[in-house]
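Novice: Below you'll find start-v6.cif; it's mmCIF, C-alpha atoms.
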data_target
loop_
_atom_site.label_atom_id
_atom_site.label_comp_id
_atom_site.auth_asym_id
_atom_site.auth_seq_id
_atom_site.Cartn_x
_atom_site.Cartn_y
_atom_site.Cartn_z
CA LYS A 1 0.00 0.00 0.00
CA GLN A 2 2.83 2.41 0.76
CA GLY A 3 4.26 1.96 -2.76
CA ALA A 4 0.87 2.62 -4.35
CA LYS A 5 0.46 5.77 -2.30
CA LEU A 6 3.89 7.00 -3.33
CA SER A 7 3.29 6.40 -7.04
CA ALA A 8 -0.14 8.07 -6.89
CA ASN A 9 1.50 11.20 -5.50
CA SER A 10 4.59 11.13 -7.72
CA SER A 11 2.95 13.34 -10.35
CA ASP A 12 1.96 15.79 -7.62
CA GLN A 13 5.55 15.78 -6.39
CA LEU A 14 6.74 16.46 -9.93
CA PHE A 15 4.49 19.50 -10.28
CA VAL A 16 5.54 20.83 -6.86
CA LYS A 17 9.16 20.43 -7.94
CA ALA A 18 8.40 22.30 -11.18
CA LEU A 19 6.84 25.17 -9.21
CA ARG A 20 9.82 25.31 -6.84
CA LEU A 21 12.41 25.27 -9.60
CA GLY A 22 10.48 27.88 -11.59
CA THR A 23 10.44 30.16 -8.56
CA LEU A 24 14.18 29.66 -8.03
CA LEU A 25 14.73 30.48 -11.69
CA ALA A 26 12.76 33.71 -11.31
CA VAL A 27 14.86 34.66 -8.27
CA ALA A 28 18.04 33.97 -10.24
CA VAL A 29 16.78 36.00 -13.23
CA ALA A 30 15.85 38.83 -10.85
CA ALA A 31 19.29 38.79 -9.20
CA VAL A 32 21.35 38.57 -12.39
CA GLY A 33 18.97 40.82 -14.32
CA THR A 34 19.04 43.47 -11.60
CA LEU A 35 22.83 43.56 -11.62
CA VAL A 36 23.17 43.57 -15.40
CA GLY A 37 20.22 45.93 -15.80
CA TYR A 38 21.78 48.41 -13.39
CA LEU A 39 25.12 48.25 -15.20
CA VAL A 40 23.52 48.67 -18.61
CA ALA A 41 20.63 51.06 -17.99
CA GLY A 42 20.70 52.19 -14.36
CA MET A 43 17.51 52.10 -12.31
CA PRO A 44 15.22 51.65 -15.37
CA GLY A 45 17.15 48.41 -16.00
CA VAL A 46 16.63 47.25 -12.43
CA PHE A 47 12.90 47.90 -12.67
CA ALA A 48 12.68 46.12 -16.04
CA ALA A 49 14.56 43.07 -14.75
CA LEU A 50 12.29 42.81 -11.70
CA VAL A 51 9.16 43.11 -13.86
CA GLY A 52 10.54 40.45 -16.23
CA ALA A 53 11.26 38.07 -13.33
CA THR A 54 7.79 38.68 -11.88
CA VAL A 55 6.15 37.95 -15.22
CA SER A 56 8.26 34.79 -15.40
CA VAL A 57 7.17 33.37 -12.05
CA ILE A 58 3.50 34.25 -12.59
CA PHE A 59 3.27 32.85 -16.11
CA GLY A 60 5.40 29.79 -15.37
CA SER A 61 3.23 29.00 -12.36
CA MET A 62 0.06 29.49 -14.40
CA THR A 63 1.30 26.97 -16.97
CA THR A 64 2.30 24.39 -14.38
CA LEU A 65 -0.91 24.79 -12.39
CA SER A 66 -3.15 24.60 -15.46
CA ILE A 67 -1.53 21.32 -16.53
CA TRP A 68 -1.56 19.96 -12.97
CA LEU A 69 -5.21 20.80 -12.39
CA GLY A 70 -6.18 19.88 -15.95
CA GLY A 71 -4.69 16.42 -15.43
CA LYS A 72 -7.39 15.76 -12.85
CA LEU A 73 -10.15 16.54 -15.39
CA PRO A 74 -11.53 14.63 -18.36
CA LEU A 75 -9.65 15.19 -21.61
CA ASN A 76 -11.97 17.98 -22.82
CA GLY A 77 -11.59 19.76 -19.48
CA PHE A 78 -7.82 19.42 -19.69
CA TYR A 79 -7.69 21.00 -23.13
CA GLY A 80 -10.14 23.72 -22.11
CA LEU A 81 -8.16 24.64 -19.00
CA VAL A 82 -4.76 24.62 -20.71
CA LEU A 83 -6.01 26.56 -23.75
CA GLY A 84 -7.91 29.02 -21.54
CA GLY A 85 -4.79 29.59 -19.45
CA TRP A 86 -2.75 30.13 -22.59
CA LEU A 87 -5.22 32.71 -23.92
CA LEU A 88 -5.33 34.45 -20.54
CA LYS A 89 -1.53 34.67 -20.49
CA ILE A 90 -1.50 36.23 -23.97
CA LEU A 91 -4.07 38.84 -22.95
CA VAL A 92 -2.31 39.66 -19.68
CA PHE A 93 1.08 39.89 -21.40
CA ALA A 94 -0.38 42.20 -24.06
CA ALA A 95 -1.86 44.37 -21.30
CA ILE A 96 1.50 44.50 -19.49
CA LEU A 97 3.25 45.52 -22.70
CA PHE A 98 0.58 48.16 -23.38
CA VAL A 99 0.98 49.66 -19.90
CA LEU A 100 4.78 49.63 -20.07
CA GLN A 101 4.92 50.98 -23.63
CA GLY A 102 5.01 54.63 -22.58
CA ALA A 103 6.99 54.18 -19.36
CA THR A 104 9.94 56.55 -19.21
CA ASN A 105 11.84 54.80 -16.41
CA PHE A 106 11.81 51.37 -18.01
CA SER A 107 14.40 49.58 -20.14
CA GLY A 108 12.72 47.55 -22.87
CA PRO A 109 15.84 45.59 -23.86
CA VAL A 110 16.53 44.52 -20.25
CA PHE A 111 12.89 43.42 -19.91
CA PHE A 112 13.14 41.50 -23.19
CA PHE A 113 16.27 39.62 -22.15
CA ALA A 114 14.89 38.88 -18.68
CA VAL A 115 11.73 37.39 -20.22
CA VAL A 116 13.70 35.40 -22.83
CA ALA A 117 16.05 34.04 -20.14
CA SER A 118 13.03 33.08 -18.04
CA VAL A 119 11.23 31.36 -20.90
CA LEU A 120 14.32 29.39 -21.95
CA GLY A 121 15.02 28.50 -18.32
CA ASN A 122 11.45 27.32 -17.73
CA LEU A 123 11.55 25.24 -20.91
CA SER A 124 14.80 23.67 -19.74
CA ILE A 125 13.35 22.91 -16.30
CA ASP A 126 10.19 21.39 -17.77
CA SER A 127 12.16 19.29 -20.26
CA TRP A 128 14.53 18.04 -17.57
CA LEU A 129 11.64 17.12 -15.25
CA VAL A 130 9.82 15.23 -18.00
CA LEU A 131 12.95 13.34 -19.04
CA THR A 132 13.98 12.41 -15.50
CA GLY A 133 10.54 12.01 -13.92
CA LYS A 134 9.46 8.52 -12.96
CA ILE A 135 5.71 8.71 -13.37
CA PRO A 136 3.86 5.41 -13.87
CA THR A 137 1.82 5.45 -17.05
CA VAL A 138 -0.35 2.45 -16.23
CA GLY A 139 -2.27 2.27 -12.97
CA LYS A 140 -3.08 -0.95 -11.12
#
Just dump the structure as C-alpha cells.
Specialist:
Amino acid sequence: KQGAKLSANSSDQLFVKALRLGTLLAVAVAAVGTLVGYLVAGMPGVFAALVGATVSVIFGSMTTLSIWLGGKLPLNGFYGLVLGGWLLKILVFAAILFVLQGATNFSGPVFFFAVVASVLGNLSIDSWLVLTGKIPTVGK
C-alpha cells in the first residue's frame, strides 16, 4: 500500500518540484537581471529586470498549475483549461506591454532579455523534469 500511495502522488511531487524550480529560476533572473540591468541602464534596467522576473514566475506558475489541475479533469476539461490559461496569459502579457509601452523609467531591452532568459530556463526545467521524472503510465 505504501508503494501505491507513493506512485499516486509522484505526479503531484513532480508539479511541486516544477513550481519550486520555476520560482528559483525567477529569483536567479531577478538577481542577475538586476545587476546587469543596473550596469547597462541604471535604475530603469533594475525595474525592467524585476518586472521580467515577476512575469516569469507568474506565467510559469500558471502553466504548471493549469496542466496539474487539468490532469485531474476529463480530456476535454484538460484542453479547455490549458487553452484558456494560454489565452489568458496572452491577454495579460499584451496588457502589461501596453501599460509599459510609454513608461519613461523602463528599459525595454533589459525586460526582453529577462523574459527570454526566463522562458528558456522554464523550458529547460520542464524538459529536464519530464525526461527524469518517474511517473507510472499504467495504474493498477
Novice: Leaving out Ile58 in chain A and any residue of its chain fewer than 4 positions from it, which residues lie within 10 Å of it when counting all atoms listed in the file, given as a list in words?
Specialist: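 Everything that qualifies: Gly22, Thr23, Ala26, Ala53, Thr54, Met62, Thr63 and Lys89 of chain A.
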Novice: What are the nearest atom pairs, with distances in Å to one decimal, for all residues of range 12-84 of chain A that come at most 7 Å from range 117-138 of chain A, using only C-alpha atoms, set out by chain and rising residue number as CSV?
Specialist:
residue,atom,partner,partner_atom,distance
A:Ala18,CA,A:Asp126,CA,6.9
A:Gly22,CA,A:Asn122,CA,6.2
A:Leu25,CA,A:Gly121,CA,6.9
A:Ala26,CA,A:Ser118,CA,6.8
A:Val29,CA,A:Ser118,CA,6.8
A:Ser56,CA,A:Ser118,CA,5.7
A:Gly60,CA,A:Asn122,CA,6.9
Novice: Which residues come within 7 Å of range 34-39 of chain A, counting all atoms listed in the file, excluding same-chain residues fewer than 6 positions away, as a tab-separated table (two decimals) with C-alpha atoms, keeping the file's coordinate frame?
Specialist:
chain	number	residue	atom	x	y	z
A	45	GLY	CA	17.15	48.41	-16.00
A	46	VAL	CA	16.63	47.25	-12.43
A	49	ALA	CA	14.56	43.07	-14.75
A	50	LEU	CA	12.29	42.81	-11.70
A	110	VAL	CA	16.53	44.52	-20.25
Novice: Could you list the residues chosen by the PyMOL selection byres ((chain A and resi 44) around 6) in this structure as a list in words?
Specialist: Gly42, Met43, Gly45, Val46, Phe47, Asn105, Phe106 and Ser107 of chain A
Novice: Any chance you could work out the axis-aligned box around range 110-117 of chain A, listed atoms only, 6 Å on each side, giving centre and edge lengths in Å to one decimal, as JSON?
Specialist:
{"center_x": 14.1, "center_y": 39.3, "center_z": -20.9, "size_x": 16.8, "size_y": 22.5, "size_z": 16.5}
Novice: Please compute the CA of Val115 in chain A-CA of Gly52 in chain A distance, one decimal, in Å.
Specialist: 5.2 Å
Novice: Just give me the gap between CA of Tyr79 in chain A and CA of Phe112 in chain A in Å, one decimal is fine.
Specialist: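 Between these atoms lies a distance of 29.2 Å.
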Novice: Quick check on the file I pasted: which residues fall under the PyMOL selection byres ((chain A and resi 65) around 10)? Write them as a JSON list (two decimals) with C-alpha atoms, in the coordinates of the input.
Specialist:
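What landed in out.json:
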[["chain", "number", "residue", "atom", "x", "y", "z"],
["A", 15, "PHE", "CA", 4.49, 19.50, -10.28],
["A", 16, "VAL", "CA", 5.54, 20.83, -6.86],
["A", 18, "ALA", "CA", 8.40, 22.30, -11.18],
["A", 19, "LEU", "CA", 6.84, 25.17, -9.21],
["A", 59, "PHE", "CA", 3.27, 32.85, -16.11],
["A", 60, "GLY", "CA", 5.40, 29.79, -15.37],
["A", 61, "SER", "CA", 3.23, 29.00, -12.36],
["A", 62, "MET", "CA", 0.06, 29.49, -14.40],
["A", 63, "THR", "CA", 1.30, 26.97, -16.97],
["A", 64, "THR", "CA", 2.30, 24.39, -14.38],
["A", 66, "SER", "CA", -3.15, 24.60, -15.46],
["A", 67, "ILE", "CA", -1.53, 21.32, -16.53],
["A", 68, "TRP", "CA", -1.56, 19.96, -12.97],
["A", 69, "LEU", "CA", -5.21, 20.80, -12.39],
["A", 70, "GLY", "CA", -6.18, 19.88, -15.95],
["A", 71, "GLY", "CA", -4.69, 16.42, -15.43],
["A", 81, "LEU", "CA", -8.16, 24.64, -19.00],
["A", 82, "VAL", "CA", -4.76, 24.62, -20.71],
["A", 85, "GLY", "CA", -4.79, 29.59, -19.45]]
Novice: Between CA of Phe98 in chain A and CA of Gly80 in chain A, what is the distance, to one decimal in Å?
Specialist: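 Result for CA of Phe98 in chain A versus CA of Gly80 in chain A: 26.7 Å, one decimal.
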Novice: Could you name the residues that touch Ile96 in chain A at 12 Å or less, counting all atoms listed in the file, but leaving out those on the same chain fewer than 2 positions away, as a ChimeraX atom specification?
Specialist: /A:48,51-52,54-55,89-94,98-103,111
Novice: Provide range 95-106 of chain A rebuilt to all heavy atoms, formatted as a PDB file, keeping the file's coordinate frame.
Specialist:
ATOM      1  N   ALA A  95      -1.504  43.245 -22.169  1.00  0.00           N
ATOM      2  CA  ALA A  95      -1.860  44.370 -21.300  1.00  0.00           C
ATOM      3  C   ALA A  95      -0.623  44.923 -20.599  1.00  0.00           C
ATOM      4  O   ALA A  95      -0.463  46.153 -20.481  1.00  0.00           O
ATOM      5  CB  ALA A  95      -2.904  43.928 -20.268  1.00  0.00           C
ATOM      6  N   ILE A  96       0.260  44.051 -20.138  1.00  0.00           N
ATOM      7  CA  ILE A  96       1.500  44.500 -19.490  1.00  0.00           C
ATOM      8  C   ILE A  96       2.341  45.300 -20.476  1.00  0.00           C
ATOM      9  O   ILE A  96       2.853  46.380 -20.145  1.00  0.00           O
ATOM     10  CB  ILE A  96       2.289  43.300 -18.930  1.00  0.00           C
ATOM     11  CG1 ILE A  96       1.562  42.700 -17.728  1.00  0.00           C
ATOM     12  CG2 ILE A  96       3.709  43.705 -18.539  1.00  0.00           C
ATOM     13  CD1 ILE A  96       2.127  41.376 -17.260  1.00  0.00           C
ATOM     14  N   LEU A  97       2.478  44.797 -21.697  1.00  0.00           N
ATOM     15  CA  LEU A  97       3.250  45.520 -22.700  1.00  0.00           C
ATOM     16  C   LEU A  97       2.610  46.868 -23.030  1.00  0.00           C
ATOM     17  O   LEU A  97       3.307  47.869 -23.218  1.00  0.00           O
ATOM     18  CB  LEU A  97       3.402  44.684 -23.966  1.00  0.00           C
ATOM     19  CG  LEU A  97       4.294  43.456 -23.855  1.00  0.00           C
ATOM     20  CD1 LEU A  97       4.318  42.700 -25.182  1.00  0.00           C
ATOM     21  CD2 LEU A  97       5.692  43.819 -23.422  1.00  0.00           C
ATOM     22  N   PHE A  98       1.292  46.913 -23.096  1.00  0.00           N
ATOM     23  CA  PHE A  98       0.580  48.160 -23.380  1.00  0.00           C
ATOM     24  C   PHE A  98       0.836  49.187 -22.280  1.00  0.00           C
ATOM     25  O   PHE A  98       1.105  50.354 -22.549  1.00  0.00           O
ATOM     26  CB  PHE A  98      -0.919  47.895 -23.537  1.00  0.00           C
ATOM     27  CG  PHE A  98      -1.706  49.134 -23.850  1.00  0.00           C
ATOM     28  CD1 PHE A  98      -1.679  49.684 -25.121  1.00  0.00           C
ATOM     29  CD2 PHE A  98      -2.475  49.746 -22.864  1.00  0.00           C
ATOM     30  CE1 PHE A  98      -2.391  50.834 -25.402  1.00  0.00           C
ATOM     31  CE2 PHE A  98      -3.197  50.894 -23.142  1.00  0.00           C
ATOM     32  CZ  PHE A  98      -3.151  51.445 -24.420  1.00  0.00           C
ATOM     33  N   VAL A  99       0.760  48.750 -21.029  1.00  0.00           N
ATOM     34  CA  VAL A  99       0.980  49.660 -19.900  1.00  0.00           C
ATOM     35  C   VAL A  99       2.423  50.153 -19.871  1.00  0.00           C
ATOM     36  O   VAL A  99       2.687  51.330 -19.599  1.00  0.00           O
ATOM     37  CB  VAL A  99       0.609  48.966 -18.566  1.00  0.00           C
ATOM     38  CG1 VAL A  99       1.092  49.763 -17.372  1.00  0.00           C
ATOM     39  CG2 VAL A  99      -0.893  48.745 -18.494  1.00  0.00           C
ATOM     40  N   LEU A 100       3.371  49.274 -20.153  1.00  0.00           N
ATOM     41  CA  LEU A 100       4.780  49.630 -20.070  1.00  0.00           C
ATOM     42  C   LEU A 100       5.295  50.356 -21.317  1.00  0.00           C
ATOM     43  O   LEU A 100       6.405  50.880 -21.307  1.00  0.00           O
ATOM     44  CB  LEU A 100       5.627  48.387 -19.835  1.00  0.00           C
ATOM     45  CG  LEU A 100       5.422  47.707 -18.484  1.00  0.00           C
ATOM     46  CD1 LEU A 100       6.194  46.401 -18.428  1.00  0.00           C
ATOM     47  CD2 LEU A 100       5.823  48.635 -17.351  1.00  0.00           C
ATOM     48  N   GLN A 101       4.485  50.411 -22.356  1.00  0.00           N
ATOM     49  CA  GLN A 101       4.920  50.980 -23.630  1.00  0.00           C
ATOM     50  C   GLN A 101       5.365  52.446 -23.475  1.00  0.00           C
ATOM     51  O   GLN A 101       6.357  52.849 -24.047  1.00  0.00           O
ATOM     52  CB  GLN A 101       3.799  50.879 -24.653  1.00  0.00           C
ATOM     53  CG  GLN A 101       4.193  51.302 -26.035  1.00  0.00           C
ATOM     54  CD  GLN A 101       3.070  51.082 -27.023  1.00  0.00           C
ATOM     55  OE1 GLN A 101       1.941  50.813 -26.636  1.00  0.00           O
ATOM     56  NE2 GLN A 101       3.371  51.199 -28.289  1.00  0.00           N
ATOM     57  N   GLY A 102       4.662  53.215 -22.711  1.00  0.00           N
ATOM     58  CA  GLY A 102       5.010  54.630 -22.580  1.00  0.00           C
ATOM     59  C   GLY A 102       5.829  54.941 -21.342  1.00  0.00           C
ATOM     60  O   GLY A 102       6.080  56.111 -21.051  1.00  0.00           O
ATOM     61  N   ALA A 103       6.248  53.937 -20.602  1.00  0.00           N
ATOM     62  CA  ALA A 103       6.990  54.180 -19.360  1.00  0.00           C
ATOM     63  C   ALA A 103       8.347  54.790 -19.673  1.00  0.00           C
ATOM     64  O   ALA A 103       9.087  54.296 -20.519  1.00  0.00           O
ATOM     65  CB  ALA A 103       7.153  52.882 -18.579  1.00  0.00           C
ATOM     66  N   THR A 104       8.671  55.868 -18.955  1.00  0.00           N
ATOM     67  CA  THR A 104       9.940  56.550 -19.210  1.00  0.00           C
ATOM     68  C   THR A 104      11.085  55.930 -18.415  1.00  0.00           C
ATOM     69  O   THR A 104      12.217  55.952 -18.863  1.00  0.00           O
ATOM     70  CB  THR A 104       9.825  58.044 -18.863  1.00  0.00           C
ATOM     71  OG1 THR A 104       9.392  58.162 -17.513  1.00  0.00           O
ATOM     72  CG2 THR A 104       8.832  58.729 -19.784  1.00  0.00           C
ATOM     73  N   ASN A 105      10.806  55.403 -17.253  1.00  0.00           N
ATOM     74  CA  ASN A 105      11.840  54.800 -16.410  1.00  0.00           C
ATOM     75  C   ASN A 105      11.828  53.287 -16.524  1.00  0.00           C
ATOM     76  O   ASN A 105      11.741  52.572 -15.527  1.00  0.00           O
ATOM     77  CB  ASN A 105      11.652  55.221 -14.948  1.00  0.00           C
ATOM     78  CG  ASN A 105      11.982  56.671 -14.745  1.00  0.00           C
ATOM     79  OD1 ASN A 105      12.825  57.204 -15.443  1.00  0.00           O
ATOM     80  ND2 ASN A 105      11.307  57.311 -13.817  1.00  0.00           N
ATOM     81  N   PHE A 106      11.902  52.794 -17.748  1.00  0.00           N
ATOM     82  CA  PHE A 106      11.810  51.370 -18.010  1.00  0.00           C
ATOM     83  C   PHE A 106      12.693  51.029 -19.191  1.00  0.00           C
ATOM     84  O   PHE A 106      12.615  51.685 -20.237  1.00  0.00           O
ATOM     85  CB  PHE A 106      10.356  50.970 -18.294  1.00  0.00           C
ATOM     86  CG  PHE A 106      10.126  49.510 -18.392  1.00  0.00           C
ATOM     87  CD1 PHE A 106       9.995  48.733 -17.263  1.00  0.00           C
ATOM     88  CD2 PHE A 106      10.032  48.891 -19.626  1.00  0.00           C
ATOM     89  CE1 PHE A 106       9.780  47.378 -17.337  1.00  0.00           C
ATOM     90  CE2 PHE A 106       9.817  47.532 -19.720  1.00  0.00           C
ATOM     91  CZ  PHE A 106       9.685  46.776 -18.579  1.00  0.00           C
TER      92      PHE A 106
END
